[in-house]
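**Q** Sharing a structure with you now.
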Amino acid sequence: MTVTIRAFASAKALLGGNTITLDMPDGARVADVWDRLCEGRPKLAELRLRGLALNREYVDWDAPVHDGDELATGRSPVCQCRPAWATCRSPQPGGSPRSVRDR
């Protein structure tokens, strides 16, 4: 399946652009997409994102992804704003972001 990643702020700078497409296996989760995106990008893996949005809604790291989904980097700890496209919801249960240092 194909998942499109839209990167903003620090993630955009580290990826060298704002849109990347990844092929992911069926059954992949948001965390799996993030892990694949971070492969070979240690600086990206060190970002402590406050959230990722799946199809414009903040979700938990265990949320499943499907063919054609769009995953977007959310706000960083430095930027307390949120992208205009994001739908803000109350925090998801167990939805705290993780990074390589948290695993």
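Starting from 1 in every chain, residues are counted up; chains themselves are A, B, ... following the order of the structure tokens, and ligands are numbered from 1 as listed.
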Name the residues of region 13-74 of chain A that come out as alpha helix (DSSP H) in a backbone DSSP run; write them as a ChimeraX atom specification.

**A** /A:13-15,30-38,42-45

**Q** List the spatial neighbours of region 33-36 of chain A as a PyMOL selection string - criterion: any atom at most 12 Å away, only C-alpha atoms, same-chain residues fewer than 4 positions off excluded.

**A** chain A and resi 1-7+11+20-29+40-42+44-49+51-54+61-66+69-73+97-100+103

**Q** Would you export the selected residues with N, CA and C atoms as a compact mmCIF listing (two decimals), in the first residue's frame, please?

**A**
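Writing the result to selection_9.txt gives the following:
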# COMPACT_ATOMS: atom_id res chain seq x y z
N MET A 1 0.84 -1.18 0.00
CA MET A 1 0.00 0.00 0.00
C MET A 1 0.89 1.24 0.00
N THR A 2 0.35 2.33 -0.47
CA THR A 2 1.09 3.58 -0.56
C THR A 2 0.56 4.57 0.47
N VAL A 3 1.50 5.19 1.21
CA VAL A 3 1.17 6.21 2.20
C VAL A 3 1.97 7.46 1.86
N THR A 4 1.30 8.60 1.86
CA THR A 4 1.97 9.88 1.59
C THR A 4 2.25 10.58 2.91
N ILE A 5 3.47 11.06 3.06
CA ILE A 5 3.85 11.80 4.25
C ILE A 5 4.02 13.26 3.88
N ARG A 6 3.35 14.15 4.62
CA ARG A 6 3.52 15.59 4.46
C ARG A 6 4.29 16.09 5.67
N ALA A 7 5.42 16.70 5.40
CA ALA A 7 6.29 17.15 6.48
C ALA A 7 6.25 18.67 6.60
N ALA A 11 10.83 18.72 10.41
CA ALA A 11 10.79 17.48 9.62
C ALA A 11 10.94 17.79 8.13
N ILE A 20 6.61 13.04 0.76
CA ILE A 20 7.31 11.79 0.47
C ILE A 20 6.26 10.69 0.40
N THR A 21 6.46 9.75 -0.50
CA THR A 21 5.55 8.61 -0.62
C THR A 21 6.32 7.35 -0.25
N LEU A 22 5.72 6.53 0.61
CA LEU A 22 6.33 5.27 1.03
C LEU A 22 5.42 4.11 0.70
N ASP A 23 6.01 2.99 0.32
CA ASP A 23 5.27 1.75 0.18
C ASP A 23 5.36 1.02 1.50
N MET A 24 4.22 0.65 2.05
CA MET A 24 4.16 -0.01 3.35
C MET A 24 3.41 -1.33 3.21
N PRO A 25 3.73 -2.31 4.06
CA PRO A 25 3.00 -3.57 4.01
C PRO A 25 1.59 -3.41 4.58
N ASP A 26 0.69 -4.27 4.16
CA ASP A 26 -0.65 -4.27 4.74
C ASP A 26 -0.53 -4.50 6.24
N GLY A 27 -1.39 -3.87 7.00
CA GLY A 27 -1.38 -4.00 8.45
C GLY A 27 -0.45 -3.03 9.15
N ALA A 28 0.18 -2.12 8.40
CA ALA A 28 1.10 -1.16 9.02
C ALA A 28 0.34 -0.17 9.90
N ARG A 29 1.06 0.34 10.91
CA ARG A 29 0.51 1.33 11.83
C ARG A 29 1.26 2.64 11.63
N GLY A 40 17.76 5.63 8.19
CA GLY A 40 18.82 6.38 7.54
C GLY A 40 18.75 7.88 7.77
N ARG A 41 17.85 8.31 8.64
CA ARG A 41 17.70 9.73 8.95
C ARG A 41 17.74 9.91 10.47
N PRO A 42 18.92 9.77 11.09
CA PRO A 42 18.98 9.82 12.56
C PRO A 42 18.49 11.14 13.15
N LEU A 44 16.07 12.99 12.04
CA LEU A 44 14.61 12.93 12.01
C LEU A 44 14.10 12.05 13.15
N ALA A 45 14.78 10.94 13.37
CA ALA A 45 14.37 10.02 14.44
C ALA A 45 14.47 10.67 15.81
N GLU A 46 15.34 11.66 15.95
CA GLU A 46 15.52 12.34 17.24
C GLU A 46 14.46 13.40 17.51
N LEU A 47 13.70 13.78 16.50
CA LEU A 47 12.66 14.79 16.73
C LEU A 47 11.66 14.26 17.74
N ARG A 48 11.27 15.11 18.62
CA ARG A 48 10.26 14.72 19.60
C ARG A 48 8.94 15.39 19.20
N LEU A 49 8.29 14.78 18.24
CA LEU A 49 7.05 15.33 17.72
C LEU A 49 5.95 15.26 18.77
N GLY A 51 2.85 15.18 17.80
CA GLY A 51 1.77 14.40 17.21
C GLY A 51 1.94 14.22 15.73
N LEU A 52 1.28 13.21 15.23
CA LEU A 52 1.19 12.97 13.80
C LEU A 52 -0.29 12.93 13.46
N ALA A 53 -0.60 13.44 12.31
CA ALA A 53 -2.01 13.44 11.88
C ALA A 53 -2.17 12.45 10.74
N LEU A 54 -3.18 11.64 10.84
CA LEU A 54 -3.54 10.70 9.80
C LEU A 54 -4.82 11.20 9.16
N TRP A 61 -0.16 6.40 18.01
CA TRP A 61 0.90 5.74 17.24
C TRP A 61 0.48 4.36 16.75
N ASP A 62 -0.48 3.73 17.40
CA ASP A 62 -0.91 2.40 16.99
C ASP A 62 -2.05 2.41 15.98
N ALA A 63 -2.45 3.57 15.52
CA ALA A 63 -3.55 3.66 14.55
C ALA A 63 -3.13 2.98 13.25
N PRO A 64 -4.03 2.20 12.65
CA PRO A 64 -3.70 1.54 11.39
C PRO A 64 -3.70 2.53 10.23
N VAL A 65 -2.88 2.26 9.25
CA VAL A 65 -2.88 3.06 8.02
C VAL A 65 -3.36 2.18 6.88
N HIS A 66 -3.92 2.84 5.88
CA HIS A 66 -4.49 2.14 4.73
C HIS A 66 -3.97 2.76 3.45
N ASP A 69 -3.64 6.67 2.41
CA ASP A 69 -3.69 7.57 3.56
C ASP A 69 -2.58 8.62 3.48
N GLU A 70 -2.81 9.73 4.18
CA GLU A 70 -1.84 10.80 4.29
C GLU A 70 -1.46 10.97 5.76
N LEU A 71 -0.17 10.89 6.03
CA LEU A 71 0.35 11.08 7.37
C LEU A 71 1.14 12.38 7.37
N ALA A 72 0.87 13.24 8.33
CA ALA A 72 1.55 14.54 8.37
C ALA A 72 2.18 14.77 9.73
N THR A 73 3.37 15.38 9.70
CA THR A 73 4.02 15.73 10.95
C THR A 73 3.23 16.85 11.58
N PRO A 97 3.66 10.94 21.96
CA PRO A 97 4.63 10.65 20.92
C PRO A 97 5.83 9.92 21.48
N ARG A 98 6.49 9.22 20.60
CA ARG A 98 7.71 8.55 21.02
C ARG A 98 8.82 8.90 20.05
N SER A 99 10.00 8.64 20.45
CA SER A 99 11.14 8.83 19.58
C SER A 99 12.07 7.66 19.81
N VAL A 100 13.14 7.64 19.08
CA VAL A 100 14.10 6.56 19.24
C VAL A 100 14.56 6.47 20.69
N ARG A 103 12.19 4.38 23.07
CA ARG A 103 11.93 2.95 22.84
C ARG A 103 12.75 2.07 23.74

**Q** One decimal, in Å: what's the spacing between CA of Asp67 (chain A) and CA of Asp32 (chain A)?

**A**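 Computed distance, CA of Asp67 (chain A) to CA of Asp32 (chain A), equals 13.9 Å.
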
**Q** Would you mind reading off the distance between CA of Asn55 (chain A) and CA of Gly68 (chain A), one decimal, in Å?

**A**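 Value for the CA of Asn55 (chain A)-CA of Gly68 (chain A) distance: 9.5 Å.
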